[in-house]
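S.K.: Let me give you the structure first, and then I'll get to my questions.
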Amino acid sequence: MDSIENEKGISPEEKSARCRENLEKAIAAVRAALPGMTLLENEPMREHCSFRIGGPVRALAVPEDVMSLARLCSILKDNHIAPMMLGNGTNILFPDEGLAELFLVSTEKLTKMFLLPDGAIYAEAGVSLSKLSIFAQQNSLSGLEFASGIPGTVGGGTIMNAGAYGGELKDAIESVVCLYVPEQRLYELSNEQCQFAYRTSLFKKMGGCLILSVVFRLSAGEGEAIAAKMRELNERRRDKQPLDLPSAGSAFKRPEGYYAAALIDEAGLKGFRVGGAQVSEKHAGFVVNVGGATSHDVYDLLMHVRKTVYEQKGVVLEPEVIILPPDYRLEDFGPAVKGNRVSFSNWEEEEEK
Ligand SMILES: Cc1cc2nc3c(=O)[nH]c(=O)nc-3n(C[C@H](O)[C@H](O)[C@H](O)COP(=O)(O)OP(=O)(O)OC[C@H]3O[C@@H](n4cnc5c(N)ncnc54)[C@H](O)[C@@H]3O)c2cc1C
């Protein structure tokens, strides 16, 4: 991960060496100030993501609560380290080589959830979307049925504006509390301020925003009808999606006016394989790990699919899955892709290609 300092005039090698030095100091400072906090070093990411792919990150911290998360971020900032958040890791491709300059912070233990006096739901970032939907159903609140089968968290789902079957989290979110790490300040943003759009949000565009909690405003419904809808949607998911194999869900965003899966299928790519990565035979929109896939297998497969679909259909597919590290560039094979980048939480301005 890049240093917060963005000095000009130093070589990438010097920058990397300085970042690693800062990271070592930060790890020592975190251990000294927060001795009880789980802090895993050189942790293989294949253990923490749904693709089951990825080498070690230098550090993975798991704060107990929001207060220790804030304390952790303050120590990291003092040491010029920008953390990246990890939810359930269901939308990330980590590199096999690992990320020696990355400090990850997991929201695994931020799981408080309760009903507010006015009937809205408060949920911390680490609550799973499935638990959130069940909680809503138990309280006869309708509006999150679509989310019950999405395997991510409230934090990851909010930054991605996750959606399915015609629903998106933006339709249920009232407000979001986030920590903006460069300023070490908390902000509460209204739904409009979050700038939600298809699979994106202000948080995704900006970087540096750690989502701590979200308030969901739902409508009154009938418990059994809500449960029936959730069952129906989850059955559809089980029927159509390769849930028995590791993946990161839909590999590509839906291009305007098309369906990515249909384009990939029509291009004859269903079942196409690179190493252990395959375009799912069950659902062409999914790339699955059929055994021992490397991040390079997945990346090469994604690029082959993009190239073939572009050549045959003239449509540019953009990955939905977040590909790390951020300096992976999408292959440029058509005018529409100019200026396009895989998004990543980063302090630095997204440079145009
Ligand atoms: C089988 C399967 C089915 C899926 N189906 C769907 C679907 O129907 N619809 C859909 O939209 N997606 C789907 N997905 C993709 C994925 O579940 C969603 O994108 C989900 O919202 C990601 O949440 P996460 O907690 O796993 O985030 P992660 O993968 O852990 O992280 C994703 C991004 O969010 C950031 N992030 C995570 N938590 C925070 C936080 N608290 N604050 C700031 N940034 C944060 C990370 O840094 C990263 O950039 C599917 C995935 C799988 C494996």
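Residue numbering restarts at 1 in every chain; chains get A, B, ... in the order shown in the structure tokens, and ligands count up from 1 in that same order.
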Considering only C-alpha atoms, return as a short mmCIF file (atom, residue, chain, number, x, y, z; two decimals) with N, CA and C atoms, in the first residue's frame whatever protein or nucleic-acid residues lie within 10 Å of A:Leu60, sequence-local ones (same chain, fewer than 6 positions apart) excluded.
M.R.:
```
data_model
loop_
_atom_site.label_atom_id
_atom_site.label_comp_id
_atom_site.auth_asym_id
_atom_site.auth_seq_id
_atom_site.Cartn_x
_atom_site.Cartn_y
_atom_site.Cartn_z
N THR A 38 -6.13 -8.76 17.54
CA THR A 38 -5.60 -9.77 16.62
C THR A 38 -4.87 -9.06 15.48
N LEU A 39 -3.60 -9.40 15.30
CA LEU A 39 -2.81 -8.80 14.22
C LEU A 39 -2.00 -9.92 13.56
N LEU A 40 -2.47 -10.33 12.40
CA LEU A 40 -1.82 -11.43 11.69
C LEU A 40 -0.78 -10.87 10.73
N GLU A 41 0.39 -11.47 10.73
CA GLU A 41 1.44 -11.00 9.82
C GLU A 41 1.66 -12.02 8.72
N ASN A 42 1.90 -11.53 7.52
CA ASN A 42 2.15 -12.38 6.35
C ASN A 42 1.05 -13.44 6.20
N GLU A 43 -0.16 -12.96 6.29
CA GLU A 43 -1.32 -13.85 6.29
C GLU A 43 -1.76 -14.16 4.85
N PRO A 44 -1.84 -15.45 4.48
CA PRO A 44 -2.25 -15.77 3.10
C PRO A 44 -3.71 -15.41 2.87
N MET A 45 -3.96 -14.66 1.82
CA MET A 45 -5.31 -14.16 1.58
C MET A 45 -6.25 -15.20 1.02
N PRO A 83 -4.61 2.16 5.43
CA PRO A 83 -5.15 0.79 5.48
C PRO A 83 -6.18 0.56 4.40
N MET A 84 -6.38 -0.71 4.10
CA MET A 84 -7.50 -1.08 3.22
C MET A 84 -8.44 -1.97 4.04
N MET A 85 -9.75 -1.77 3.85
CA MET A 85 -10.71 -2.57 4.61
C MET A 85 -11.00 -3.89 3.93
N LEU A 86 -11.28 -4.87 4.75
CA LEU A 86 -11.69 -6.18 4.24
C LEU A 86 -13.00 -6.55 4.89
N LEU A 102 0.86 -4.01 2.06
CA LEU A 102 -0.55 -3.77 2.39
C LEU A 102 -0.84 -4.05 3.87
N PHE A 103 -1.57 -3.11 4.49
CA PHE A 103 -2.09 -3.30 5.84
C PHE A 103 -3.61 -3.38 5.70
N LEU A 104 -4.14 -4.57 5.94
CA LEU A 104 -5.58 -4.78 5.81
C LEU A 104 -6.24 -4.72 7.18
N VAL A 105 -7.45 -4.21 7.21
CA VAL A 105 -8.21 -4.16 8.46
C VAL A 105 -9.55 -4.86 8.23
N SER A 106 -9.77 -5.91 8.97
CA SER A 106 -11.00 -6.69 8.79
C SER A 106 -12.12 -6.16 9.68
#
```
S.K.: Which polymer residues have any atom within 8 Å of an atom of A:Asn79, counting only C-alpha atoms, with same-chain residues fewer than 4 positions away left out, as a list in words?
M.R.: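 That gives Asn22, Leu23, Lys25, Ala26 and Ile75 of chain A.
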S.K.: Any chance you could tabulate, as a Markdown table, the residues of chain A at most 7 Å from ligand 1 with each one's nearest atom pair and distance in Å to one decimal, using only C-alpha atoms and all ligand atoms, in chain and rising number order?
M.R.:
```
| residue | atom | partner | partner_atom_place_in_ligand_line | distance |
| --- | --- | --- | --- | --- |
| A:Ser50 | CA | ligand 1 | 53 (C) | 5.5 |
| A:Met84 | CA | ligand 1 | 47 (O) | 5.2 |
| A:Met85 | CA | ligand 1 | 47 (O) | 4.1 |
| A:Leu86 | CA | ligand 1 | 30 (O) | 4.1 |
| A:Gly87 | CA | ligand 1 | 30 (O) | 3.3 |
| A:Asn88 | CA | ligand 1 | 26 (O) | 3.6 |
| A:Gly89 | CA | ligand 1 | 30 (O) | 3.3 |
| A:Thr90 | CA | ligand 1 | 26 (O) | 3.7 |
| A:Asn91 | CA | ligand 1 | 29 (O) | 3.6 |
| A:Ile92 | CA | ligand 1 | 29 (O) | 4.9 |
| A:Thr107 | CA | ligand 1 | 41 (N) | 6.2 |
| A:Ala125 | CA | ligand 1 | 41 (N) | 4.8 |
| A:Gly126 | CA | ligand 1 | 41 (N) | 6.8 |
| A:Gly149 | CA | ligand 1 | 8 (O) | 6.9 |
| A:Ile150 | CA | ligand 1 | 5 (N) | 4.6 |
| A:Pro151 | CA | ligand 1 | 17 (O) | 4.6 |
| A:Gly152 | CA | ligand 1 | 23 (O) | 3.4 |
| A:Thr153 | CA | ligand 1 | 25 (O) | 3.7 |
| A:Val154 | CA | ligand 1 | 25 (O) | 6.6 |
| A:Gly155 | CA | ligand 1 | 41 (N) | 3.6 |
| A:Gly156 | CA | ligand 1 | 37 (C) | 3.5 |
| A:Gly157 | CA | ligand 1 | 21 (O) | 3.1 |
| A:Thr158 | CA | ligand 1 | 21 (O) | 6.7 |
| A:Ile159 | CA | ligand 1 | 34 (O) | 5.6 |
| A:Met160 | CA | ligand 1 | 21 (O) | 5.5 |
| A:Asn161 | CA | ligand 1 | 11 (O) | 6.6 |
| A:Ala162 | CA | ligand 1 | 11 (O) | 3.2 |
| A:Gly163 | CA | ligand 1 | 11 (O) | 4.1 |
| A:Ala164 | CA | ligand 1 | 8 (O) | 4.5 |
| A:Arg199 | CA | ligand 1 | 11 (O) | 6.6 |
| A:Phe203 | CA | ligand 1 | 43 (C) | 6.9 |
| A:Cys209 | CA | ligand 1 | 43 (C) | 5.7 |
| A:Leu210 | CA | ligand 1 | 42 (N) | 3.8 |
| A:Ile211 | CA | ligand 1 | 42 (N) | 3.7 |
| A:Leu212 | CA | ligand 1 | 41 (N) | 5.7 |
| A:Leu243 | CA | ligand 1 | 1 (C) | 5.4 |
| A:Pro246 | CA | ligand 1 | 53 (C) | 7.0 |
| A:Ser247 | CA | ligand 1 | 53 (C) | 5.0 |
| A:Ala248 | CA | ligand 1 | 53 (C) | 3.8 |
| A:Gly249 | CA | ligand 1 | 51 (C) | 3.4 |
| A:Ser250 | CA | ligand 1 | 50 (C) | 6.3 |
| A:Ile322 | CA | ligand 1 | 49 (O) | 6.5 |
| A:Phe344 | CA | ligand 1 | 49 (O) | 5.9 |
| A:Ser345 | CA | ligand 1 | 49 (O) | 6.0 |
```
S.K.: Next, dump the selected residues to file, keeping only C-alpha atoms, as a PDB file, in the first residue's frame.
M.R.:
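result28.pdb written:
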```pdb
ATOM      1  CA  SER A  50     -14.266 -16.381  -1.625  1.00  0.00           C
ATOM      2  CA  MET A  84      -7.497  -1.077   3.220  1.00  0.00           C
ATOM      3  CA  MET A  85     -10.714  -2.570   4.612  1.00  0.00           C
ATOM      4  CA  LEU A  86     -11.687  -6.182   4.240  1.00  0.00           C
ATOM      5  CA  GLY A  87     -15.263  -7.368   4.577  1.00  0.00           C
ATOM      6  CA  ASN A  88     -16.003 -10.970   3.645  1.00  0.00           C
ATOM      7  CA  GLY A  89     -13.565 -10.839   0.714  1.00  0.00           C
ATOM      8  CA  THR A  90     -16.278 -11.866  -1.758  1.00  0.00           C
ATOM      9  CA  ASN A  91     -15.424  -9.301  -4.409  1.00  0.00           C
ATOM     10  CA  ILE A  92     -11.626  -9.201  -4.438  1.00  0.00           C
ATOM     11  CA  THR A 107     -14.500  -5.733   9.931  1.00  0.00           C
ATOM     12  CA  ALA A 125     -19.917  -2.682   8.834  1.00  0.00           C
ATOM     13  CA  GLY A 126     -19.073  -6.335   9.539  1.00  0.00           C
ATOM     14  CA  GLY A 149     -28.154 -14.311  -0.714  1.00  0.00           C
ATOM     15  CA  ILE A 150     -25.355 -11.781  -1.318  1.00  0.00           C
ATOM     16  CA  PRO A 151     -22.389 -13.163   0.631  1.00  0.00           C
ATOM     17  CA  GLY A 152     -20.811  -9.787   1.531  1.00  0.00           C
ATOM     18  CA  THR A 153     -20.980  -7.488   4.535  1.00  0.00           C
ATOM     19  CA  VAL A 154     -22.802  -4.227   5.195  1.00  0.00           C
ATOM     20  CA  GLY A 155     -19.523  -2.293   4.643  1.00  0.00           C
ATOM     21  CA  GLY A 156     -18.499  -4.083   1.435  1.00  0.00           C
ATOM     22  CA  GLY A 157     -22.074  -4.041   0.165  1.00  0.00           C
ATOM     23  CA  THR A 158     -22.433  -0.307   0.784  1.00  0.00           C
ATOM     24  CA  ILE A 159     -19.214   0.689  -0.950  1.00  0.00           C
ATOM     25  CA  MET A 160     -20.163  -1.546  -3.920  1.00  0.00           C
ATOM     26  CA  ASN A 161     -23.879  -0.635  -3.781  1.00  0.00           C
ATOM     27  CA  ALA A 162     -24.506  -4.378  -3.996  1.00  0.00           C
ATOM     28  CA  GLY A 163     -27.714  -5.464  -5.645  1.00  0.00           C
ATOM     29  CA  ALA A 164     -29.677  -8.365  -7.061  1.00  0.00           C
ATOM     30  CA  ARG A 199     -22.054  -1.002  -8.258  1.00  0.00           C
ATOM     31  CA  PHE A 203     -16.636   5.722  -0.967  1.00  0.00           C
ATOM     32  CA  CYS A 209     -13.278   6.163   3.712  1.00  0.00           C
ATOM     33  CA  LEU A 210     -13.804   3.334   6.160  1.00  0.00           C
ATOM     34  CA  ILE A 211     -17.471   2.542   6.578  1.00  0.00           C
ATOM     35  CA  LEU A 212     -18.255   1.944  10.234  1.00  0.00           C
ATOM     36  CA  LEU A 243     -22.427 -21.725  -5.540  1.00  0.00           C
ATOM     37  CA  PRO A 246     -15.113 -20.627  -5.242  1.00  0.00           C
ATOM     38  CA  SER A 247     -15.766 -17.362  -7.114  1.00  0.00           C
ATOM     39  CA  ALA A 248     -16.285 -13.657  -6.545  1.00  0.00           C
ATOM     40  CA  GLY A 249     -19.806 -13.583  -7.951  1.00  0.00           C
ATOM     41  CA  SER A 250     -20.389 -11.796 -11.257  1.00  0.00           C
ATOM     42  CA  ILE A 322     -11.673  -5.685  -7.536  1.00  0.00           C
ATOM     43  CA  PHE A 344      -8.944   0.511  -5.475  1.00  0.00           C
ATOM     44  CA  SER A 345      -8.922   2.244  -2.119  1.00  0.00           C
TER      45      SER A 345
END
```
S.K.: Mind giving me the straight-line distance from atom CA of A:Ala147 to atom CA of A:Ala172 in Å, one decimal?
M.R.: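 Atom-to-atom, atom CA of A:Ala147 and atom CA of A:Ala172 are spaced 10.4 Å apart.
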S.K.: Which polymer residues have any atom within 9 Å of an atom of A:Ser175, counting only C-alpha atoms, with same-chain residues fewer than 6 positions away left out, as a PyMOL selection string?
M.R.: chain A and resi 188-194+213-217
S.K.: The selected residues should be written to file as a short mmCIF file (atom, residue, chain, number, x, y, z; two decimals), in the first residue's frame (atoms: N, CA and C atoms).
M.R.:
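Saved result, result12.cif, follows:
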```cif
data_model
loop_
_atom_site.label_atom_id
_atom_site.label_comp_id
_atom_site.auth_asym_id
_atom_site.auth_seq_id
_atom_site.Cartn_x
_atom_site.Cartn_y
_atom_site.Cartn_z
N GLU A 188 -21.09 11.61 8.90
CA GLU A 188 -22.35 10.91 8.68
C GLU A 188 -22.93 11.44 7.38
N LEU A 189 -23.10 10.55 6.41
CA LEU A 189 -23.57 10.97 5.09
C LEU A 189 -25.00 10.48 4.87
N SER A 190 -25.80 11.36 4.28
CA SER A 190 -27.16 10.95 3.91
C SER A 190 -27.06 10.08 2.66
N ASN A 191 -28.14 9.41 2.34
CA ASN A 191 -28.18 8.57 1.13
C ASN A 191 -27.71 9.36 -0.09
N GLU A 192 -28.22 10.58 -0.27
CA GLU A 192 -27.88 11.38 -1.47
C GLU A 192 -26.39 11.69 -1.49
N GLN A 193 -25.84 11.99 -0.31
CA GLN A 193 -24.42 12.35 -0.26
C GLN A 193 -23.51 11.18 -0.63
N CYS A 194 -24.02 9.96 -0.49
CA CYS A 194 -23.18 8.77 -0.79
C CYS A 194 -22.97 8.56 -2.30
N SER A 213 -20.68 2.10 10.06
CA SER A 213 -22.05 1.62 10.31
C SER A 213 -23.00 2.24 9.30
N VAL A 214 -24.15 1.60 9.18
CA VAL A 214 -25.15 2.05 8.21
C VAL A 214 -26.53 1.97 8.86
N VAL A 215 -27.37 2.96 8.57
CA VAL A 215 -28.76 2.90 9.02
C VAL A 215 -29.64 2.58 7.81
N PHE A 216 -30.48 1.56 7.98
CA PHE A 216 -31.37 1.12 6.90
C PHE A 216 -32.81 1.50 7.23
N ARG A 217 -33.46 2.15 6.29
CA ARG A 217 -34.87 2.53 6.47
C ARG A 217 -35.72 1.63 5.57
#
```
S.K.: Restrict the calculation to only C-alpha atoms, then for each residue of stretch 290-331 of chain A with any atom at most 7 Å from an atom of stretch 256-272 of chain A give the closest atom pair and their distance in Å to one decimal, rows by chain and rising residue number, as a tab-separated table.
M.R.:
```
residue	atom	partner	partner_atom	distance
A:Thr308	CA	A:Ala267	CA	7.0
A:Val309	CA	A:Ala267	CA	6.1
A:Gln312	CA	A:Ala267	CA	6.7
```
S.K.: Can you write out the residues you just picked, keeping N, CA and C atoms, as a PDB file, in the first residue's frame?
M.R.:
```pdb
ATOM      1  N   THR A 308     -12.501 -11.119 -26.388  1.00  0.00           N
ATOM      2  CA  THR A 308     -13.353 -11.879 -27.307  1.00  0.00           C
ATOM      3  C   THR A 308     -14.721 -11.210 -27.445  1.00  0.00           C
ATOM      4  N   VAL A 309     -15.288 -10.799 -26.310  1.00  0.00           N
ATOM      5  CA  VAL A 309     -16.619 -10.163 -26.365  1.00  0.00           C
ATOM      6  C   VAL A 309     -16.523  -8.842 -27.133  1.00  0.00           C
ATOM      7  N   GLN A 312     -16.196  -9.735 -30.880  1.00  0.00           N
ATOM      8  CA  GLN A 312     -17.396 -10.327 -31.487  1.00  0.00           C
ATOM      9  C   GLN A 312     -18.629  -9.441 -31.366  1.00  0.00           C
TER      10      GLN A 312
END
```
S.K.: Would you please work out which residue, of A:Leu179, A:Leu202, A:Val57, A:Tyr165, is nearest to A:Arg236 when using only C-alpha atoms?
M.R.: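 Of the candidates, the smallest distance to A:Arg236 is held by A:Tyr165.
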S.K.: Report as a ChimeraX atom specification: the residues of stretch 138-311 of chain A with a DSSP assignment of strand (DSSP E or B), based on the backbone of this structure.
M.R.: /A:141-142,153,163-164,167-168,173-180,185-190,197,200,209-216,219-220,247-250,252,273-274,277-279,286-289
S.K.: Selected residues, C-alpha atoms, written as a PDB file, in the first residue's frame, please.
M.R.:
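The resulting again06.pdb:
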```
ATOM      1  CA  LEU A 141     -39.442  -5.037   7.717  1.00  0.00           C
ATOM      2  CA  SER A 142     -39.440  -5.332   3.942  1.00  0.00           C
ATOM      3  CA  THR A 153     -20.980  -7.488   4.535  1.00  0.00           C
ATOM      4  CA  GLY A 163     -27.714  -5.464  -5.645  1.00  0.00           C
ATOM      5  CA  ALA A 164     -29.677  -8.365  -7.061  1.00  0.00           C
ATOM      6  CA  GLY A 167     -32.935  -4.271  -5.669  1.00  0.00           C
ATOM      7  CA  GLU A 168     -29.854  -2.319  -4.613  1.00  0.00           C
ATOM      8  CA  ILE A 173     -29.836   2.956   3.074  1.00  0.00           C
ATOM      9  CA  GLU A 174     -30.776   6.071   5.031  1.00  0.00           C
ATOM     10  CA  SER A 175     -27.307   7.147   6.189  1.00  0.00           C
ATOM     11  CA  VAL A 176     -23.712   5.945   6.525  1.00  0.00           C
ATOM     12  CA  VAL A 177     -21.101   6.725   9.171  1.00  0.00           C
ATOM     13  CA  CYS A 178     -17.544   6.569   7.910  1.00  0.00           C
ATOM     14  CA  LEU A 179     -14.087   7.398   9.146  1.00  0.00           C
ATOM     15  CA  TYR A 180     -12.180   9.479   6.630  1.00  0.00           C
ATOM     16  CA  ARG A 185     -12.669  12.466  11.147  1.00  0.00           C
ATOM     17  CA  LEU A 186     -16.036  10.831  11.329  1.00  0.00           C
ATOM     18  CA  TYR A 187     -18.684  11.804   8.791  1.00  0.00           C
ATOM     19  CA  GLU A 188     -22.350  10.907   8.685  1.00  0.00           C
ATOM     20  CA  LEU A 189     -23.571  10.968   5.089  1.00  0.00           C
ATOM     21  CA  SER A 190     -27.156  10.946   3.910  1.00  0.00           C
ATOM     22  CA  ALA A 197     -24.858   4.369  -8.679  1.00  0.00           C
ATOM     23  CA  THR A 200     -20.345   2.138  -7.042  1.00  0.00           C
ATOM     24  CA  CYS A 209     -13.278   6.163   3.712  1.00  0.00           C
ATOM     25  CA  LEU A 210     -13.804   3.334   6.160  1.00  0.00           C
ATOM     26  CA  ILE A 211     -17.471   2.542   6.578  1.00  0.00           C
ATOM     27  CA  LEU A 212     -18.255   1.944  10.234  1.00  0.00           C
ATOM     28  CA  SER A 213     -22.047   1.620  10.309  1.00  0.00           C
ATOM     29  CA  VAL A 214     -25.148   2.050   8.207  1.00  0.00           C
ATOM     30  CA  VAL A 215     -28.761   2.899   9.025  1.00  0.00           C
ATOM     31  CA  PHE A 216     -31.370   1.117   6.900  1.00  0.00           C
ATOM     32  CA  SER A 219     -41.067  -0.444   5.033  1.00  0.00           C
ATOM     33  CA  ALA A 220     -43.490  -2.373   7.222  1.00  0.00           C
ATOM     34  CA  SER A 247     -15.766 -17.362  -7.114  1.00  0.00           C
ATOM     35  CA  ALA A 248     -16.285 -13.657  -6.545  1.00  0.00           C
ATOM     36  CA  GLY A 249     -19.806 -13.583  -7.951  1.00  0.00           C
ATOM     37  CA  SER A 250     -20.389 -11.796 -11.257  1.00  0.00           C
ATOM     38  CA  PHE A 252     -18.158  -8.274 -14.928  1.00  0.00           C
ATOM     39  CA  ARG A 273     -10.544 -22.313 -19.073  1.00  0.00           C
ATOM     40  CA  VAL A 274      -7.182 -20.810 -18.258  1.00  0.00           C
ATOM     41  CA  ALA A 277      -9.936 -20.605 -13.706  1.00  0.00           C
ATOM     42  CA  GLN A 278     -13.040 -21.244 -15.758  1.00  0.00           C
ATOM     43  CA  VAL A 279     -16.011 -19.360 -17.152  1.00  0.00           C
ATOM     44  CA  PHE A 286     -19.215 -16.145 -13.104  1.00  0.00           C
ATOM     45  CA  VAL A 287     -15.519 -17.039 -13.216  1.00  0.00           C
ATOM     46  CA  VAL A 288     -14.930 -19.996 -10.916  1.00  0.00           C
ATOM     47  CA  ASN A 289     -11.862 -21.572  -9.358  1.00  0.00           C
TER      48      ASN A 289
END
```
S.K.: Can you pull out every residue within 10 Å of stretch 225-230 of chain A, counting only C-alpha atoms, but drop anything in the same chain fewer than 6 positions away, and send it as a list in words?
M.R.: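 In the requested form, the answer reads Ser130, Ser133, Ile134, Ala136, Gln137, Gln138, Ser140, Leu141, Ser142, Gly143, Leu144, Glu145, Phe146, Ala147, Ser148, Gly149 and Arg236 of chain A.
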S.K.: Only C-alpha atoms, please: the residues just picked out, written as a compact mmCIF listing (two decimals), in the first residue's frame.
M.R.:
```txt
# COMPACT_ATOMS: atom_id res chain seq x y z
CA SER A 130 -27.68 -12.36 5.06
CA SER A 133 -31.93 -9.47 5.86
CA ILE A 134 -32.95 -12.12 8.40
CA ALA A 136 -35.25 -7.27 8.95
CA GLN A 137 -37.56 -10.22 8.25
CA GLN A 138 -37.79 -11.06 11.96
CA SER A 140 -41.43 -7.60 9.70
CA LEU A 141 -39.44 -5.04 7.72
CA SER A 142 -39.44 -5.33 3.94
CA GLY A 143 -36.86 -4.01 1.46
CA LEU A 144 -33.81 -6.22 1.96
CA GLU A 145 -35.17 -9.53 0.64
CA PHE A 146 -32.93 -9.21 -2.45
CA ALA A 147 -29.80 -9.01 -0.26
CA SER A 148 -30.24 -12.22 1.70
CA GLY A 149 -28.15 -14.31 -0.71
CA ARG A 236 -33.30 -18.93 -7.93
```
S.K.: Work out how far apart atom CA of A:Lys307 and atom CA of A:Pro319 are and give it in Å to one decimal.
M.R.: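 Separation of atom CA of A:Lys307 and atom CA of A:Pro319: 12.4 Å.
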S.K.: For A:Pro242, which of A:Arg18, A:Arg254, A:Lys205, A:Lys282 is the closest residue, counting only C-alpha atoms?
M.R.: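 Going through A:Arg18, A:Arg254, A:Lys205, A:Lys282 one by one, the smallest distance to A:Pro242 is for A:Lys282.
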S.K.: Nearest residue to A:Arg71 out of A:Met303, A:Glu13, A:Leu110, A:Ala29, using only C-alpha atoms?
M.R.: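 Nearest candidate to A:Arg71 out of A:Met303, A:Glu13, A:Leu110, A:Ala29: A:Ala29.
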S.K.: When you draw a straight line from atom CA of A:Ala123 to atom CA of A:Val66, how long is it in Å?
M.R.: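 Separation between atom CA of A:Ala123 and atom CA of A:Val66: 12.1 Å.
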S.K.: Report as a list in words all protein, DNA and RNA residues lying within 7 Å of A:Asp297, evaluated on only C-alpha atoms, omitting residues in the same chain fewer than 3 positions from it.
M.R.: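 With the cut-off at 7 Å, the set is Val274, Gly275, Gly276, Ala277, Ala293, Thr294, Asp300 and Leu301 of chain A.
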S.K.: Write the residues of the preceding selection, restricted to C-alpha atoms, as a tab-separated table (two decimals), in the first residue's frame.
M.R.:
```
chain	number	residue	atom	x	y	z
A	274	VAL	CA	-7.18	-20.81	-18.26
A	275	GLY	CA	-5.38	-23.08	-15.78
A	276	GLY	CA	-7.67	-23.54	-12.79
A	277	ALA	CA	-9.94	-20.61	-13.71
A	293	ALA	CA	-6.45	-21.36	-9.94
A	294	THR	CA	-3.83	-18.63	-9.64
A	300	ASP	CA	-5.77	-13.84	-18.09
A	301	LEU	CA	-9.22	-15.40	-18.34
```
S.K.: Using only C-alpha atoms, which residues sit within 10 Å of A:Asp239 once same-chain residues fewer than 5 positions away are excluded, as a ChimeraX atom specification?
M.R.: /A:233-234,282-283
S.K.: Which of stretch 5-206 of chain A end up as alpha helix (DSSP H) when DSSP is run on this backbone - answer as a PyMOL selection string?
M.R.: chain A and resi 12-33+66-78+129-138+154-160+202-206
